Structure formats: structure tokens, C-alpha cells
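File shown: final37.txt. Contents: compact mmCIF, C-alpha atoms.
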```txt
# COMPACT_ATOMS: atom_id res chain seq x y z
CA MET A 1 0.00 0.00 0.00
CA PHE A 2 1.48 3.35 -1.01
CA SER A 3 0.74 6.70 0.57
CA GLY A 4 -0.27 8.05 -2.85
CA ASP A 5 -2.90 5.32 -3.19
CA PRO A 6 -6.30 6.89 -2.32
CA SER A 7 -7.43 3.64 -0.71
CA ALA A 8 -4.55 3.95 1.77
CA ARG A 9 -6.66 6.52 3.66
CA ASN A 10 -9.00 3.68 4.56
CA HIS A 11 -6.28 1.81 6.45
CA ARG A 12 -4.02 4.33 8.18
CA LEU A 13 -5.75 4.30 11.54
CA SER A 14 -5.96 0.51 11.50
CA LEU A 15 -2.20 0.41 10.95
CA PHE A 16 -1.63 2.76 13.89
CA VAL A 17 -3.74 0.49 16.13
CA MET A 18 -1.72 -2.55 15.10
CA MET A 19 1.57 -0.73 15.81
CA TYR A 20 0.29 0.60 19.11
CA GLU A 21 -0.89 -2.80 20.32
CA GLU A 22 2.37 -4.53 19.33
CA CYS A 23 4.91 -1.91 20.40
CA GLU A 24 5.45 -1.45 24.12
CA ALA A 25 7.83 1.46 23.52
CA LEU A 26 5.07 3.30 21.66
CA ARG A 27 2.55 2.63 24.43
CA ASN A 28 5.04 3.95 26.99
CA TYR A 29 6.03 7.15 25.18
CA ALA A 30 2.91 9.30 25.04
CA PRO A 31 4.25 12.22 22.93
CA MET A 32 5.25 9.93 20.06
CA ALA A 33 2.05 7.88 20.35
CA TYR A 34 0.02 11.12 20.26
CA ASP A 35 1.86 12.39 17.16
CA LEU A 36 1.49 9.09 15.29
CA PHE A 37 -2.18 8.76 16.24
CA MET A 38 -2.98 12.30 15.08
CA GLU A 39 -1.09 11.79 11.81
CA ALA A 40 -3.03 8.59 11.13
CA TYR A 41 -6.32 10.10 12.33
CA VAL A 42 -6.30 13.24 10.20
CA ASN A 43 -5.12 11.33 7.12
CA SER A 44 -7.75 8.59 7.38
CA SER A 45 -11.17 8.11 5.90
CA ASN A 46 -14.13 6.36 7.49
CA ILE A 47 -12.49 5.81 10.86
CA HIS A 48 -15.62 4.24 12.32
CA LYS A 49 -15.53 1.51 9.68
CA GLN A 50 -11.79 0.89 10.15
CA LEU A 51 -12.19 0.30 13.86
CA GLN A 52 -15.68 -1.21 14.16
CA ASP A 53 -14.39 -4.79 14.34
CA THR A 54 -11.49 -4.04 16.69
CA PRO A 55 -11.45 -3.64 20.46
CA PHE A 56 -9.64 -0.29 20.09
CA ASP A 57 -11.55 2.44 21.94
CA THR A 58 -10.70 5.79 20.33
CA ARG A 59 -12.33 7.80 23.12
CA GLY A 60 -10.62 5.79 25.84
CA TYR A 61 -7.27 6.09 24.10
CA LEU A 62 -7.65 9.86 23.70
CA GLU A 63 -8.71 10.26 27.34
CA GLN A 64 -5.62 8.37 28.44
CA ILE A 65 -3.21 10.19 26.13
CA HIS A 66 -4.79 13.60 26.87
CA GLU A 67 -3.80 13.22 30.52
CA LYS A 68 -0.16 12.94 29.41
CA VAL A 69 -0.03 15.27 26.40
CA HIS A 70 -1.81 18.63 26.54
CA VAL A 71 -3.24 20.36 23.50
CA GLU A 72 -1.25 23.56 23.94
CA SER A 73 2.04 21.67 23.78
CA LYS A 74 1.13 20.41 20.28
CA LEU A 75 -0.03 23.63 18.66
CA ASN A 76 2.02 24.97 15.75
CA ASP A 77 2.21 28.33 13.97
CA ILE A 78 -1.07 27.63 12.16
CA SER A 79 -3.17 25.99 14.88
CA ARG A 80 -2.02 28.22 17.80
CA PRO A 81 -3.64 31.47 16.55
CA PHE A 82 -6.86 29.56 15.85
CA PHE A 83 -6.88 28.01 19.34
CA ASP A 84 -5.94 31.30 21.02
CA GLN A 85 -8.86 33.17 19.38
CA LEU A 86 -11.47 30.65 20.58
CA SER A 87 -13.82 32.06 23.20
CA ASN A 88 -14.27 30.12 26.43
CA THR A 89 -17.60 28.68 25.19
CA PHE A 90 -18.50 28.03 21.56
CA GLU A 91 -20.65 25.90 19.23
CA VAL A 92 -19.20 22.99 17.21
CA TYR A 93 -20.72 20.95 14.38
CA ARG A 94 -20.32 17.46 12.93
CA GLY A 95 -21.83 15.79 9.86
CA LEU A 96 -22.91 12.23 10.51
CA SER A 97 -24.90 9.31 9.23
CA LYS A 98 -28.06 7.86 10.78
CA ALA A 99 -25.99 4.90 12.05
CA GLU A 100 -23.64 7.22 13.94
CA LYS A 101 -26.56 9.24 15.30
CA ASP A 102 -28.36 6.09 16.44
CA ASP A 103 -25.16 4.79 18.05
CA GLY A 104 -25.11 7.89 20.26
CA ARG A 105 -21.32 7.94 20.39
CA GLN A 106 -20.43 10.65 17.94
CA GLY A 107 -16.87 10.82 16.72
CA VAL A 108 -14.42 13.25 18.20
CA SER A 109 -13.93 15.54 15.16
CA TRP A 110 -15.95 18.74 15.05
CA THR A 111 -15.78 22.10 13.26
CA LEU A 112 -16.89 25.65 13.96
CA ASP A 113 -18.42 25.81 10.47
CA GLU A 114 -21.89 24.26 10.15
CA ALA A 115 -21.79 24.30 6.32
CA TYR A 116 -18.42 22.53 6.35
CA ALA A 117 -19.82 19.85 8.67
CA GLU A 118 -22.69 19.29 6.23
CA ARG A 119 -20.19 18.60 3.43
CA TYR A 120 -19.26 15.36 5.20
CA LEU A 121 -22.69 13.94 4.36
CA TYR A 122 -21.63 13.89 0.72
CA LEU A 123 -18.31 12.06 1.12
CA LYS A 124 -18.52 8.58 -0.34
CA ASP A 125 -16.23 7.13 2.37
CA ASN A 126 -18.68 8.18 5.10
CA GLU A 127 -21.33 5.85 3.69
CA VAL A 128 -24.35 7.94 4.65
CA GLU A 129 -27.33 5.71 3.97
CA GLY A 130 -30.47 6.74 2.18
CA ASN A 131 -31.38 10.29 1.32
CA PHE A 132 -30.62 12.01 4.58
CA GLY A 133 -27.99 12.51 7.23
CA TYR A 134 -27.56 14.79 10.22
CA VAL A 135 -25.58 17.77 11.33
CA ALA A 136 -24.95 17.50 15.04
CA SER A 137 -24.18 20.55 17.17
CA MET A 138 -23.16 21.07 20.75
CA THR A 139 -21.68 23.73 22.95
CA ILE A 140 -18.21 23.07 24.33
CA GLU A 141 -15.69 24.99 26.36
CA LYS A 142 -12.12 25.71 25.34
CA LYS A 143 -10.92 23.34 28.06
CA ASP A 144 -12.80 20.51 26.25
CA VAL A 145 -10.51 20.77 23.19
CA ILE A 146 -8.01 17.90 23.07
CA SER A 147 -6.49 18.73 19.68
CA VAL A 148 -6.67 21.24 16.85
CA GLN A 149 -5.98 19.85 13.40
CA TYR A 150 -6.33 21.50 10.01
CA GLU A 151 -6.35 20.77 6.33
CA TYR A 152 -6.45 22.83 3.18
CA HIS A 153 -9.15 22.58 0.51
CA ASP A 154 -8.87 24.91 -2.46
CA ASP A 155 -6.28 27.01 -0.59
CA ILE A 156 -8.65 27.54 2.34
CA CYS A 157 -7.59 26.31 5.76
CA TYR A 158 -10.29 24.36 7.61
CA PHE A 159 -9.82 23.64 11.29
CA GLU A 160 -10.92 20.53 13.07
CA ILE A 161 -11.49 20.48 16.81
CA LEU A 162 -11.16 17.16 18.59
CA THR A 163 -13.16 16.86 21.78
CA LEU A 164 -14.29 14.00 23.98
CA LYS A 165 -17.37 15.87 25.10
CA ASN A 166 -20.57 14.16 23.97
CA GLU A 167 -23.30 15.91 25.97
CA GLY A 168 -26.17 18.14 24.95
CA VAL A 169 -25.88 17.16 21.28
CA LYS A 170 -28.65 18.49 19.02
CA TYR A 171 -29.39 17.09 15.57
CA ARG A 172 -30.63 18.70 12.38
CA GLU A 173 -31.77 16.29 9.66
CA VAL A 174 -30.42 17.11 6.22
CA VAL A 175 -31.95 15.81 3.00
CA ILE A 176 -29.06 14.82 0.76
CA LYS A 177 -29.18 16.17 -2.78
CA ARG A 178 -27.42 13.71 -5.05
```
How does the structure come out when it is put into C-alpha cells?
Amino acid sequence: MFSGDPSARNHRLSLFVMMYEECEALRNYAPMAYDLFMEAYVNSSNIHKQLQDTPFDTRGYLEQIHEKVHVESKLNDISRPFFDQLSNTFEVYRGLSKAEKDDGRQGVSWTLDEAYAERYLYLKDNEVEGNFGYVASMTIEKKDVISVQYEYHDDICYFEILTLKNEGVKYREVVIKR
């Protein structure tokens, strides 16, 4: 599998889990484990599907690693200004399928941009069933942020907020126009 192969995105997190489970040194060195996890996480597609048949608990792992590695120590020249400008309380959004909504354990990736969250309903890898999906929203506090990641689309930087909070989630059904 080559990094240039688009299907590689569907396996990166699975590969991290295999390395993590087999490598004691990685399990015992939180900063490196954090960096490798985040690299695999942000460069993966359909994380739920990759991990659904494994015992790996993403939330549990992030809770454990977050106690050892704090978000502010991992901010760079791009993510620090974004993090610093966040107010103490703010709204985040996430696009999700009916299966994820029904599961009740939303993923950890959220955005400040509701329209950007809705775009995730149209990604083939997310396998949104039928003709509708959901945009979830919730209010979090700055202290709830466990990571700030970003990616560029058409020369625009989009930020992703990772949080373990999963309370007070509201859902808006979205009819998918195909």
C-alpha cells in the first residue's frame, strides 16, 4: 500500500492500532504515540468503519493520552492562533450518518463551520445511507478541546477540533441532494 494510493486513507488508523498494540515502547512514550495517532487520524477516511471490528476504543485512548499530552504543547504556527482566538464557550458541528446518530457515540472531530460539517454527508467514504444525514451541534468549552488539526481545501484552511465531550448534542436532519 502506497501513501499516494487513495485507498490507503481507509487503512491508516488501522495500521496505527496494530503498531500501538504490538509496540510497548510506543505505548510507553505518550508524545510519540500522540503524534502518530494524530497523523493517522487526520489522514484517514471512514475511521468508524476501520475500527468497528477491533477492540480499540478511540475515546478511551484519547482520554488516556490527553492526561499525558496537553493540546497547547502540540499547537504549531497555524493551529495556535486559531486556538488562542477561541472564546471560552462556543458551538461545534459534525456531519454524521443515521448509524452514527443512532449509536449515540459521535466521533471526536468537530468544526466551527456548520456548512463545512454538512459537506461530510456527501463524502462517499462516510457511507451515509439513504437520502438524509444529520448535522450535530453542541456547545463546548475551550478546556474541552483535546487537539486542533487543520487541512487545506482549495487554498482555504479548515480547522478541526477534537473533543471528547458528547453531551447536549442536538441534531438537524439534512436531505441529501445527489
Name all residues at most 12 Å from Asp77 of chain A (count all atoms listed in the file; drop same-chain ones fewer than 5 positions away) and give them as a compact mmCIF listing (two decimals) with C-alpha atoms, in the frame of the given file.
```txt
# COMPACT_ATOMS: atom_id res chain seq x y z
CA GLU A 72 -1.25 23.56 23.94
CA PHE A 82 -6.86 29.56 15.85
CA PHE A 83 -6.88 28.01 19.34
CA ASP A 84 -5.94 31.30 21.02
CA VAL A 148 -6.67 21.24 16.85
CA GLN A 149 -5.98 19.85 13.40
CA TYR A 150 -6.33 21.50 10.01
```
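Distances here use all atoms listed in the file; by that measure, the residue among A:Gln64, A:Asn88, A:Ser109, A:Ser79 closest to Ala33 of chain A is A:Gln64.
Between atom CA of Glu151 of chain A and atom CA of Ile78 of chain A the separation is 10.4 Å.
Of the residues listed (A:Tyr171, A:His66, A:Ala115, A:Gly130), A:His66 shows the shortest atom-to-atom separation from Asp144 of chain A; distances use all atoms listed in the file.
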With 6 Å as the cut-off and all atoms listed in the file counted, what is the closest atom pair between each nearby residue of segment 38-136 of chain A and segment 158-162 of chain A? Distances in Å to one decimal, ordered by chain and number, as CSV.
```
residue,atom,partner,partner_atom,distance
A:Val108,CA,A:Leu162,CA,5.1
A:Ser109,CA,A:Leu162,CA,4.7
A:Trp110,CA,A:Ile161,CA,5.1
A:Thr111,CA,A:Glu160,CA,5.1
```
For the selection you just gave me, I'd like the residues written to a file as an mmCIF file, in the frame of the given file, keeping C-alpha atoms.
```cif
data_model
loop_
_atom_site.group_PDB
_atom_site.id
_atom_site.type_symbol
_atom_site.label_atom_id
_atom_site.label_comp_id
_atom_site.auth_asym_id
_atom_site.auth_seq_id
_atom_site.Cartn_x
_atom_site.Cartn_y
_atom_site.Cartn_z
ATOM 1 C CA VAL A 108 -14.420 13.250 18.200
ATOM 2 C CA SER A 109 -13.930 15.540 15.160
ATOM 3 C CA TRP A 110 -15.950 18.740 15.050
ATOM 4 C CA THR A 111 -15.780 22.100 13.260
#
```
Atomic separation - atom CA of Asp57 of chain A relative to atom CA of Phe16 of chain A, Å
12.8 Å
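Between atom CA of Tyr29 of chain A and atom CA of Val69 of chain A lies a distance of 10.2 Å.
Taking only C-alpha atoms into account, the polymer residues that have an atom no farther than 10 Å from (-27.3, 28.7, 16.5) are Glu91, Val92, Glu114, Ser137, Met138 and Thr139 of chain A.
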Point out the residue among A:Leu15, A:Leu26, A:Leu62, A:Met38 with the least atom-to-atom distance to Gln50 of chain A, counting only C-alpha atoms.
A:Leu15
What residues have an atom no more than 8 Å from (-32.1, 17.0, 12.2) in the file's own frame, counting only C-alpha atoms, and can you write them as a PyMOL selection string?
chain A and resi 133-136+170-174
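The closest residue to Thr163 of chain A, picked from A:Tyr120, A:Tyr93, A:Tyr20, A:Tyr34 and counting only C-alpha atoms, is A:Tyr93.
Closest approach to Tyr152 of chain A among A:Ser97, A:Glu167, A:Arg27, A:Val42: A:Val42, based on all atoms listed in the file.
Distance check against Arg59 of chain A using all atoms listed in the file: of A:Gln106, A:Asn131, A:Asn28, A:Gln85, the minimum falls on A:Gln106.
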